[in-house]
file data.cif (mmCIF, C-alpha atoms and all ligand atoms)
data_entry
loop_
_atom_site.group_PDB
_atom_site.id
_atom_site.type_symbol
_atom_site.label_atom_id
_atom_site.label_comp_id
_atom_site.auth_asym_id
_atom_site.auth_seq_id
_atom_site.Cartn_x
_atom_site.Cartn_y
_atom_site.Cartn_z
ATOM 1 C CA MET Y 1 5.309 52.482 11.314
ATOM 2 C CA LYS Y 2 8.570 50.614 10.930
ATOM 3 C CA GLN Y 3 7.833 48.535 14.015
ATOM 4 C CA ARG Y 4 4.409 47.668 12.647
ATOM 5 C CA PHE Y 5 5.959 46.544 9.353
ATOM 6 C CA ILE Y 6 8.482 44.344 11.172
ATOM 7 C CA TYR Y 7 5.690 42.858 13.310
ATOM 8 C CA LEU Y 8 3.531 42.079 10.262
ATOM 9 C CA SER Y 9 6.508 40.583 8.445
ATOM 10 C CA PHE Y 10 7.268 38.392 11.442
ATOM 11 C CA MET Y 11 3.657 37.214 11.644
ATOM 12 C CA CYS Y 12 3.617 36.426 7.922
ATOM 13 C CA LEU Y 13 6.797 34.375 8.272
ATOM 14 C CA LEU Y 14 5.351 32.570 11.285
ATOM 15 C CA LEU Y 15 2.166 31.742 9.436
ATOM 16 C CA PHE Y 16 4.143 30.619 6.403
ATOM 17 C CA PHE Y 17 6.384 28.243 8.320
ATOM 18 C CA ASN Y 18 3.527 26.958 10.461
ATOM 19 C CA GLY Y 19 1.470 26.329 7.346
ATOM 20 C CA PHE Y 20 4.409 24.714 5.620
ATOM 21 C CA ALA Y 21 5.120 22.416 8.568
ATOM 22 C CA TYR Y 22 1.441 21.624 9.121
ATOM 23 C CA ALA Y 23 1.105 20.459 5.535
ATOM 24 C CA GLN Y 24 3.769 17.827 6.113
ATOM 25 C CA ASP Y 25 1.645 15.532 8.273
ATOM 26 C CA VAL Y 26 0.115 12.873 6.054
ATOM 27 C CA ILE Y 27 -2.210 9.918 6.476
ATOM 28 C CA GLN Y 28 -2.179 7.566 3.511
ATOM 29 C CA VAL Y 29 -4.182 4.536 2.472
ATOM 30 C CA GLU Y 30 -2.017 2.031 0.660
ATOM 31 C CA SER Y 31 -3.481 0.507 -2.480
ATOM 32 C CA ALA Y 32 -4.513 -3.138 -2.582
ATOM 33 C CA PHE Y 33 -5.827 -5.722 -4.988
ATOM 34 C CA GLY Y 34 -7.485 -9.100 -4.895
ATOM 35 C CA CYS Y 35 -9.976 -11.460 -6.470
ATOM 36 C CA THR Y 36 -13.345 -12.709 -5.195
ATOM 37 C CA GLY Y 37 -13.088 -14.645 -1.943
ATOM 38 C CA GLU Y 38 -9.554 -13.501 -1.118
ATOM 39 C CA LEU Y 39 -8.646 -11.850 2.176
ATOM 40 C CA ILE Y 40 -6.704 -8.648 1.584
ATOM 41 C CA THR Y 41 -4.951 -6.207 3.907
ATOM 42 C CA VAL Y 42 -5.126 -2.429 3.499
ATOM 43 C CA PRO Y 43 -2.360 -0.651 5.473
ATOM 44 C CA ILE Y 44 -3.038 2.882 6.747
ATOM 45 C CA THR Y 45 0.294 4.664 7.031
ATOM 46 C CA ILE Y 46 1.274 8.021 8.496
ATOM 47 C CA ASP Y 47 4.150 10.435 8.225
ATOM 48 C CA ASN Y 48 3.959 12.951 11.064
ATOM 49 C CA PRO Y 49 7.071 15.112 11.289
ATOM 50 C CA ASP Y 50 5.304 17.800 13.336
ATOM 51 C CA THR Y 51 2.518 16.346 15.439
ATOM 52 C CA GLN Y 52 2.607 13.904 18.322
ATOM 53 C CA LEU Y 53 -0.274 11.496 17.903
ATOM 54 C CA ARG Y 54 -1.968 10.461 21.154
ATOM 55 C CA ALA Y 55 -5.515 10.069 19.873
ATOM 56 C CA PHE Y 56 -6.946 9.615 16.411
ATOM 57 C CA GLY Y 57 -10.141 8.778 14.637
ATOM 58 C CA PHE Y 58 -11.167 8.572 10.993
ATOM 59 C CA ASP Y 59 -13.700 6.893 8.748
ATOM 60 C CA LEU Y 60 -12.533 4.905 5.737
ATOM 61 C CA ALA Y 61 -14.947 5.039 2.823
ATOM 62 C CA ILE Y 62 -14.942 1.875 0.728
ATOM 63 C CA ASP Y 63 -17.095 0.346 -1.983
ATOM 64 C CA SER Y 64 -19.149 -2.365 -0.269
ATOM 65 C CA ALA Y 65 -19.911 -3.897 -3.659
ATOM 66 C CA MET Y 66 -16.240 -4.935 -3.718
ATOM 67 C CA LEU Y 67 -15.078 -5.261 -0.101
ATOM 68 C CA THR Y 68 -16.432 -6.386 3.276
ATOM 69 C CA LEU Y 69 -14.628 -5.611 6.544
ATOM 70 C CA ASP Y 70 -13.208 -8.701 8.200
ATOM 71 C CA SER Y 71 -11.072 -7.340 11.067
ATOM 72 C CA CYS Y 72 -8.507 -4.715 11.972
ATOM 73 C CA GLU Y 73 -5.347 -4.473 14.039
ATOM 74 C CA PRO Y 74 -2.899 -1.741 15.034
ATOM 75 C CA GLY Y 75 0.050 -1.129 12.750
ATOM 76 C CA ASP Y 76 3.675 -1.149 13.890
ATOM 77 C CA LEU Y 77 3.418 2.434 15.208
ATOM 78 C CA ALA Y 78 0.345 1.687 17.351
ATOM 79 C CA THR Y 79 1.027 -1.764 18.806
ATOM 80 C CA ASP Y 80 1.430 -0.258 22.309
ATOM 81 C CA PHE Y 81 -1.785 1.787 22.168
ATOM 82 C CA ASP Y 82 -4.024 1.312 25.219
ATOM 83 C CA PHE Y 83 -7.026 1.342 22.968
ATOM 84 C CA PHE Y 84 -7.418 0.546 19.300
ATOM 85 C CA ASP Y 85 -10.474 -0.688 17.454
ATOM 86 C CA CYS Y 86 -12.630 -0.347 14.386
ATOM 87 C CA SER Y 87 -16.313 -0.738 13.600
ATOM 88 C CA GLU Y 88 -18.516 -0.844 10.552
ATOM 89 C CA LEU Y 89 -20.730 2.270 10.638
ATOM 90 C CA ASN Y 90 -22.379 0.984 7.497
ATOM 91 C CA PRO Y 91 -21.116 -1.345 4.761
ATOM 92 C CA ASP Y 92 -19.438 1.584 2.964
ATOM 93 C CA LEU Y 93 -17.877 3.304 5.981
ATOM 94 C CA ILE Y 94 -15.400 1.865 8.496
ATOM 95 C CA ARG Y 95 -14.597 3.864 11.659
ATOM 96 C CA VAL Y 96 -11.090 3.429 13.087
ATOM 97 C CA GLY Y 97 -9.806 4.974 16.311
ATOM 98 C CA GLY Y 98 -7.348 4.681 19.141
ATOM 99 C CA PHE Y 99 -5.597 6.508 21.962
ATOM 100 C CA ASP Y 100 -2.598 6.151 24.204
ATOM 101 C CA PRO Y 101 -1.037 8.551 26.769
ATOM 102 C CA ASP Y 102 2.437 8.105 25.279
ATOM 103 C CA GLY Y 103 1.223 8.030 21.719
ATOM 104 C CA ILE Y 104 3.337 8.197 18.597
ATOM 105 C CA PRO Y 105 6.095 10.810 18.777
ATOM 106 C CA ALA Y 106 6.431 13.494 16.133
ATOM 107 C CA GLY Y 107 8.832 12.475 13.425
ATOM 108 C CA SER Y 108 7.459 8.963 13.093
ATOM 109 C CA SER Y 109 6.745 7.214 9.846
ATOM 110 C CA GLY Y 110 5.085 3.828 9.499
ATOM 111 C CA THR Y 111 1.837 1.915 9.729
ATOM 112 C CA LEU Y 112 -0.967 3.162 11.957
ATOM 113 C CA ALA Y 113 -3.534 0.470 11.211
ATOM 114 C CA LEU Y 114 -4.085 -2.660 9.177
ATOM 115 C CA LEU Y 115 -7.594 -3.289 7.883
ATOM 116 C CA HIS Y 116 -8.474 -6.741 6.605
ATOM 117 C CA PHE Y 117 -11.221 -7.148 4.023
ATOM 118 C CA THR Y 118 -12.789 -9.999 2.125
ATOM 119 C CA VAL Y 119 -13.138 -9.342 -1.598
ATOM 120 C CA THR Y 120 -16.836 -9.808 -2.291
ATOM 121 C CA CYS Y 121 -17.148 -8.716 -5.908
ATOM 122 C CA GLY Y 122 -20.011 -10.599 -7.469
ATOM 123 C CA SER Y 123 -20.131 -8.886 -10.840
ATOM 124 C CA CYS Y 124 -16.768 -7.112 -11.085
ATOM 125 C CA THR Y 125 -14.572 -7.462 -14.122
ATOM 126 C CA GLU Y 126 -10.776 -7.590 -14.125
ATOM 127 C CA SER Y 127 -9.048 -4.324 -13.217
ATOM 128 C CA ASP Y 128 -12.218 -2.591 -11.933
ATOM 129 C CA THR Y 129 -11.196 -0.065 -9.289
ATOM 130 C CA SER Y 130 -12.695 1.733 -6.305
ATOM 131 C CA THR Y 131 -11.361 4.453 -4.021
ATOM 132 C CA LEU Y 132 -10.271 3.911 -0.412
ATOM 133 C CA GLU Y 133 -10.750 7.355 1.157
ATOM 134 C CA PRO Y 134 -10.104 8.450 4.758
ATOM 135 C CA GLN Y 135 -12.748 10.949 5.927
ATOM 136 C CA ASN Y 136 -13.700 12.819 9.104
ATOM 137 C CA LEU Y 137 -10.184 12.996 10.535
ATOM 138 C CA LEU Y 138 -10.407 13.741 14.272
ATOM 139 C CA ASP Y 139 -8.235 14.544 17.297
ATOM 140 C CA ASP Y 140 -4.498 14.698 16.601
ATOM 141 C CA ILE Y 141 -4.844 13.866 12.889
ATOM 142 C CA ALA Y 142 -7.493 16.547 12.218
ATOM 143 C CA GLY Y 143 -6.452 18.600 9.212
ATOM 144 C CA TRP Y 144 -3.708 16.237 8.071
ATOM 145 C CA ASN Y 145 -3.102 15.766 4.391
ATOM 146 C CA VAL Y 146 -4.881 12.720 3.013
ATOM 147 C CA VAL Y 147 -3.697 10.360 0.287
ATOM 148 C CA ASN Y 148 -6.403 8.014 -0.947
ATOM 149 C CA GLY Y 149 -5.747 4.417 -1.895
ATOM 150 C CA THR Y 150 -7.184 2.353 -4.725
ATOM 151 C CA PHE Y 151 -8.578 -1.147 -4.659
ATOM 152 C CA THR Y 152 -8.132 -2.944 -7.968
ATOM 153 C CA TYR Y 153 -10.186 -6.036 -8.636
ATOM 154 C CA CYS Y 154 -8.275 -9.039 -9.836
ATOM 155 C CA PRO Y 155 -5.717 -7.345 -12.101
ATOM 156 C CA PRO Y 156 -3.897 -9.716 -14.452
ATOM 157 C CA CYS Y 157 -0.762 -9.792 -12.324
ATOM 158 C CA HIS Y 158 0.682 -13.307 -12.735
ATOM 159 C CA HIS Y 159 3.006 -12.170 -15.512
ATOM 160 C CA GLY Y 160 6.481 -12.892 -14.099
ATOM 161 C CA ASP Y 161 7.854 -9.340 -14.270
ATOM 162 C CA VAL Y 162 8.639 -9.383 -10.564
ATOM 163 C CA ASN Y 163 10.625 -6.142 -10.504
ATOM 164 C CA PHE Y 164 8.175 -4.348 -12.825
ATOM 165 C CA SER Y 165 10.948 -3.359 -15.196
ATOM 166 C CA GLY Y 166 8.650 -3.809 -18.191
ATOM 167 C CA SER Y 167 10.089 -7.148 -19.295
ATOM 168 C CA VAL Y 168 10.496 -10.689 -17.993
ATOM 169 C CA THR Y 169 14.130 -11.680 -17.538
ATOM 170 C CA ALA Y 170 16.319 -14.181 -15.722
ATOM 171 C CA GLY Y 171 16.608 -11.584 -12.951
ATOM 172 C CA ASP Y 172 12.856 -11.939 -12.304
ATOM 173 C CA ALA Y 173 13.283 -15.710 -12.052
ATOM 174 C CA GLN Y 174 16.074 -15.175 -9.522
ATOM 175 C CA LEU Y 175 13.814 -12.899 -7.446
ATOM 176 C CA ALA Y 176 11.031 -15.478 -7.435
ATOM 177 C CA PHE Y 177 13.500 -18.183 -6.385
ATOM 178 C CA ASN Y 178 14.929 -16.028 -3.578
ATOM 179 C CA PHE Y 179 11.401 -15.255 -2.394
ATOM 180 C CA ALA Y 180 10.432 -18.944 -2.471
ATOM 181 C CA LEU Y 181 13.429 -19.631 -0.218
ATOM 182 C CA GLU Y 182 12.443 -16.685 2.019
ATOM 183 C CA PHE Y 183 15.726 -14.886 1.383
ATOM 184 C CA ILE Y 184 13.833 -11.720 0.436
ATOM 185 C CA THR Y 185 10.408 -10.155 0.921
ATOM 186 C CA LEU Y 186 8.198 -8.853 -1.864
ATOM 187 C CA THR Y 187 5.282 -6.438 -1.981
ATOM 188 C CA PRO Y 188 1.869 -8.035 -2.675
ATOM 189 C CA GLU Y 189 2.097 -6.825 -6.283
ATOM 190 C CA GLU Y 190 5.578 -8.293 -6.740
ATOM 191 C CA GLU Y 191 4.512 -11.553 -5.085
ATOM 192 C CA CYS Y 192 1.559 -11.843 -7.445
ATOM 193 C CA ALA Y 193 3.889 -11.273 -10.416
ATOM 194 C CA ALA Y 194 6.220 -13.975 -9.068
ATOM 195 C CA ASP Y 195 3.347 -16.496 -8.870
ATOM 196 C CA CYS Y 196 3.779 -17.176 -12.572
ATOM 197 C CA ASN Y 197 1.428 -20.190 -12.707
ATOM 198 C CA ASP Y 198 -1.327 -18.538 -10.581
ATOM 199 C CA SER Y 199 -1.278 -21.341 -8.024
ATOM 200 C CA GLY Y 200 -1.615 -19.020 -5.010
ATOM 201 C CA ASN Y 201 1.969 -19.335 -3.818
ATOM 202 C CA VAL Y 202 5.488 -18.784 -5.112
ATOM 203 C CA THR Y 203 7.712 -21.821 -5.498
ATOM 204 C CA ALA Y 204 10.871 -22.843 -7.333
ATOM 205 C CA GLY Y 205 8.529 -23.986 -10.091
ATOM 206 C CA ASP Y 206 7.437 -20.382 -10.620
ATOM 207 C CA ALA Y 207 11.075 -19.315 -10.862
ATOM 208 C CA GLN Y 208 11.623 -21.970 -13.509
ATOM 209 C CA ALA Y 209 8.467 -20.893 -15.374
ATOM 210 C CA ILE Y 210 9.589 -17.252 -15.286
ATOM 211 C CA PHE Y 211 12.987 -18.280 -16.628
ATOM 212 C CA ASN Y 212 11.263 -20.191 -19.426
ATOM 213 C CA THR Y 213 9.143 -17.109 -20.131
ATOM 214 C CA ALA Y 214 12.310 -15.014 -20.397
ATOM 215 C CA LEU Y 215 13.709 -17.546 -22.873
ATOM 216 C CA GLU Y 216 10.383 -17.591 -24.748
ATOM 217 C CA LEU Y 217 10.094 -21.304 -24.028
ATOM 218 C CA GLY Y 218 6.845 -20.812 -22.111
ATOM 219 C CA THR Y 219 4.504 -18.203 -20.678
ATOM 220 C CA CYS Y 220 3.131 -17.200 -17.297
ATOM 221 C CA ALA Y 221 -0.601 -17.321 -16.561
ATOM 222 C CA ASP Y 222 -0.981 -13.641 -17.467
ATOM 223 C CA SER Y 223 0.784 -11.881 -20.293
ATOM 224 C CA LEU Y 224 2.542 -8.594 -19.762
ATOM 225 C CA PRO Y 225 0.287 -5.955 -21.354
ATOM 226 C CA GLY Y 226 1.926 -4.615 -24.486
ATOM 227 C CA LYS Y 227 5.171 -6.429 -23.768
ATOM 228 C CA SER Y 228 6.831 -9.662 -24.773
ATOM 229 C CA ALA Y 229 9.530 -11.690 -23.058
ATOM 230 C CA ALA Y 230 12.849 -9.963 -23.652
ATOM 231 C CA SER Y 231 15.632 -12.499 -23.995
ATOM 232 C CA GLY Y 232 17.986 -9.664 -24.849
ATOM 233 C CA ASP Y 233 17.262 -7.913 -21.573
ATOM 234 C CA PHE Y 234 19.391 -10.073 -19.299
ATOM 235 C CA GLY Y 235 21.785 -7.275 -18.477
ATOM 236 C CA LYS Y 236 19.100 -4.780 -17.526
ATOM 237 C CA ILE Y 237 19.975 -2.810 -14.409
ATOM 238 C CA SER Y 238 17.322 -2.796 -11.730
ATOM 239 C CA ARG Y 239 17.006 -2.086 -8.038
ATOM 240 C CA TRP Y 240 17.313 -5.809 -7.404
ATOM 241 C CA ASP Y 241 20.611 -6.327 -9.193
ATOM 242 C CA THR Y 242 22.640 -6.305 -5.968
ATOM 243 C CA ILE Y 243 20.675 -9.239 -4.524
HETATM 244 CA CA CA Y 301 11.581 -7.647 -14.985
HETATM 245 CA CA CA Y 302 2.931 -20.551 -8.101
#

call {"tool": "encode", "arguments": {"input": "data.cif", "output": "structure tokens"}}
result
Amino acid sequence: MKQRFIYLSFMCLLLFFNGFAYAQDVIQVESAFGCTGELITVPITIDNPDTQLRAFGFDLAIDSAMLTLDSCEPGDLATDFDFFDCSELNPDLIRVGGFDPDGIPAGSSGTLALLHFTVTCGSCTESDTSTLEPQNLLDDIAGWNVVNGTFTYCPPCHHGDVNFSGSVTAGDAQLAFNFALEFITLTPEEECAADCNDSGNVTAGDAQAIFNTALELGTCADSLPGKSAASGDFGKISRWDTI
């Protein structure tokens, strides 16, 4: 009886830890945004502490009223894959797959695939959203946890709050200037915020315009929802303050 109890306890612990570890593997669709006619990139990232990935397949559900597949390419984790490709099963479903004998070792974290879309919204309004959802996970990613992404149509993002602190300050102008000089990189959202005049690129002129916004001597193309330029916020601590 005692032996049976110990055996059952051991099995329960095994199942618990296996279940716990299994739940750690994640495939995630990063969120993206864009306006009609723009080419956007949707990264598919993974975090696989427990499973070596030699073969994978999944379908990405999108809203074809907003996006049309343009092309795809392997992410940094899959650049050495023998085979990688994608196809449009129908306008709302993109199949992505690949395999490689060496594969991606367990414990890796990074980008599995990059999907490029053209924003095709004909009747969307600003800030409309749709879900980017991986489905039908196959082979080594079968059963992995899934994190959906969101596509947001043309959000009013040219507001100058580059570090998304909630206010526009001289520090944001400095970030835009450093980005214009290619001293730093920014996320697509931060880059859009830095393009204060909505010209499509970030220049020293944007940095100057953001500085003027901070001093309430001017405004960016988009206003910060519910916020105003905070000239008293120059000393605000942010993750960028060491730059
Ligand atoms: Ca800011
Ligand atoms: Ca600009």

call {"tool": "resolve_selection", "arguments": {"input": "data.cif", "expression": "the PyMOL selection byres (((not hetatm)) within 12 of (chain Y and resi 302))", "output": "list of chain:residue names"}}
result
Y:His158, Y:His159, Y:Gly160, Y:Ala176, Y:Phe177, Y:Phe179, Y:Ala180, Y:Glu191, Y:Cys192, Y:Ala193, Y:Ala194, Y:Asp195, Y:Cys196, Y:Asn197, Y:Asp198, Y:Ser199, Y:Gly200, Y:Asn201, Y:Val202, Y:Thr203, Y:Ala204, Y:Gly205, Y:Asp206, Y:Ala207, Y:Gln208, Y:Ala209, Y:Ile210, Y:Cys220, Y:Ala221

call {"tool": "closest_atom_pairs", "arguments": {"input": "data.cif", "of": "chain Y", "to": "ligand CA 301 (chain Y)", "cutoff": "8 Å", "atoms": "only C-alpha atoms and all ligand atoms", "output": "JSON lines"}}
result
{"residue": "Y:Gly160", "atom": "CA", "partner": "Y:CA301", "partner_atom": "CA", "distance": 7.4}
{"residue": "Y:Asp161", "atom": "CA", "partner": "Y:CA301", "partner_atom": "CA", "distance": 4.2}
{"residue": "Y:Val162", "atom": "CA", "partner": "Y:CA301", "partner_atom": "CA", "distance": 5.6}
{"residue": "Y:Asn163", "atom": "CA", "partner": "Y:CA301", "partner_atom": "CA", "distance": 4.8}
{"residue": "Y:Phe164", "atom": "CA", "partner": "Y:CA301", "partner_atom": "CA", "distance": 5.2}
{"residue": "Y:Ser165", "atom": "CA", "partner": "Y:CA301", "partner_atom": "CA", "distance": 4.3}
{"residue": "Y:Gly166", "atom": "CA", "partner": "Y:CA301", "partner_atom": "CA", "distance": 5.8}
{"residue": "Y:Ser167", "atom": "CA", "partner": "Y:CA301", "partner_atom": "CA", "distance": 4.6}
{"residue": "Y:Val168", "atom": "CA", "partner": "Y:CA301", "partner_atom": "CA", "distance": 4.4}
{"residue": "Y:Thr169", "atom": "CA", "partner": "Y:CA301", "partner_atom": "CA", "distance": 5.4}
{"residue": "Y:Gly171", "atom": "CA", "partner": "Y:CA301", "partner_atom": "CA", "distance": 6.7}
{"residue": "Y:Asp172", "atom": "CA", "partner": "Y:CA301", "partner_atom": "CA", "distance": 5.2}

call {"tool": "closest_residue", "arguments": {"input": "data.cif", "among": "Y:Thr79, Y:Ser127, Y:Thr219, Y:Gln24", "to": "Trp144 (chain Y)", "atoms": "all atoms listed in the file"}}
result
Y:Gln24

call {"tool": "resolve_selection", "arguments": {"input": "data.cif", "expression": "the PyMOL selection byres (((chain Y and resi 34) around 8) and not hetatm)", "output": "list in words"}}
result
Ala32, Phe33, Cys35, Thr36, Glu38, Leu39, Ile40, Val119, Thr152, Tyr153, Cys154 and Pro155 of chain Y

call {"tool": "resolve_selection", "arguments": {"input": "data.cif", "expression": "the PyMOL selection byres (((chain Y and resi 29) around 8) and not hetatm)", "output": "PyMOL selection string"}}
result
chain Y and resi 27-28+30-31+42-45+132-134+147-149

call {"tool": "closest_residue", "arguments": {"input": "data.cif", "among": "Y:Ser87, Y:Thr51, Y:Thr111, Y:Ser123", "to": "Pro74 (chain Y)", "atoms": "all atoms listed in the file"}}
result
Y:Thr111

call {"tool": "residues_near_point", "arguments": {"input": "data.cif", "point": "(1.9, 4.1, 10.1)", "cutoff": "6 Å", "atoms": "only C-alpha atoms", "output": "PyMOL selection string"}}
result
chain Y and resi 45-46+77+109-112

call {"tool": "axis_aligned_box", "arguments": {"input": "data.cif", "around": "region 144-155 of chain Y", "padding_each_side": "4 Å", "output": "AutoDock Vina command-line options"}}
result
--center_x -6.6 --center_y 3.6 --center_z -2.0 --size_x 15.1 --size_y 33.3 --size_z 28.2

call {"tool": "build_atoms", "arguments": {"input": "data.cif", "residues": "region 154-166 of chain Y", "atoms": "N, CA and C atoms", "output": "PDB file, in the frame of the given file"}}
result
ATOM      1  N   CYS Y 154      -8.811  -7.927  -9.054  1.00  0.00           N
ATOM      2  CA  CYS Y 154      -8.275  -9.039  -9.836  1.00  0.00           C
ATOM      3  C   CYS Y 154      -7.491  -8.600 -11.081  1.00  0.00           C
ATOM      4  N   PRO Y 155      -6.491  -7.740 -10.918  1.00  0.00           N
ATOM      5  CA  PRO Y 155      -5.717  -7.345 -12.101  1.00  0.00           C
ATOM      6  C   PRO Y 155      -4.919  -8.539 -12.621  1.00  0.00           C
ATOM      7  N   PRO Y 156      -4.699  -8.608 -13.908  1.00  0.00           N
ATOM      8  CA  PRO Y 156      -3.897  -9.716 -14.452  1.00  0.00           C
ATOM      9  C   PRO Y 156      -2.435  -9.541 -14.050  1.00  0.00           C
ATOM     10  N   CYS Y 157      -2.079 -10.105 -12.906  1.00  0.00           N
ATOM     11  CA  CYS Y 157      -0.762  -9.792 -12.324  1.00  0.00           C
ATOM     12  C   CYS Y 157       0.217 -10.955 -12.344  1.00  0.00           C
ATOM     13  N   HIS Y 158      -0.218 -12.136 -12.772  1.00  0.00           N
ATOM     14  CA  HIS Y 158       0.682 -13.307 -12.735  1.00  0.00           C
ATOM     15  C   HIS Y 158       1.515 -13.356 -14.013  1.00  0.00           C
ATOM     16  N   HIS Y 159       2.300 -12.298 -14.227  1.00  0.00           N
ATOM     17  CA  HIS Y 159       3.006 -12.170 -15.512  1.00  0.00           C
ATOM     18  C   HIS Y 159       4.503 -12.438 -15.431  1.00  0.00           C
ATOM     19  N   GLY Y 160       5.069 -12.537 -14.223  1.00  0.00           N
ATOM     20  CA  GLY Y 160       6.481 -12.892 -14.099  1.00  0.00           C
ATOM     21  C   GLY Y 160       7.445 -11.721 -14.053  1.00  0.00           C
ATOM     22  N   ASP Y 161       6.953 -10.503 -14.330  1.00  0.00           N
ATOM     23  CA  ASP Y 161       7.854  -9.340 -14.270  1.00  0.00           C
ATOM     24  C   ASP Y 161       7.902  -8.857 -12.814  1.00  0.00           C
ATOM     25  N   VAL Y 162       8.665  -9.584 -12.019  1.00  0.00           N
ATOM     26  CA  VAL Y 162       8.639  -9.383 -10.564  1.00  0.00           C
ATOM     27  C   VAL Y 162       9.117  -7.987 -10.171  1.00  0.00           C
ATOM     28  N   ASN Y 163      10.110  -7.470 -10.873  1.00  0.00           N
ATOM     29  CA  ASN Y 163      10.625  -6.142 -10.504  1.00  0.00           C
ATOM     30  C   ASN Y 163       9.971  -5.014 -11.309  1.00  0.00           C
ATOM     31  N   PHE Y 164       8.940  -5.341 -12.070  1.00  0.00           N
ATOM     32  CA  PHE Y 164       8.175  -4.348 -12.825  1.00  0.00           C
ATOM     33  C   PHE Y 164       9.083  -3.456 -13.666  1.00  0.00           C
ATOM     34  N   SER Y 165      10.039  -4.102 -14.321  1.00  0.00           N
ATOM     35  CA  SER Y 165      10.948  -3.359 -15.196  1.00  0.00           C
ATOM     36  C   SER Y 165      10.358  -3.183 -16.579  1.00  0.00           C
ATOM     37  N   GLY Y 166       9.252  -3.895 -16.869  1.00  0.00           N
ATOM     38  CA  GLY Y 166       8.650  -3.809 -18.191  1.00  0.00           C
ATOM     39  C   GLY Y 166       8.951  -5.012 -19.047  1.00  0.00           C
TER      40      GLY Y 166
END
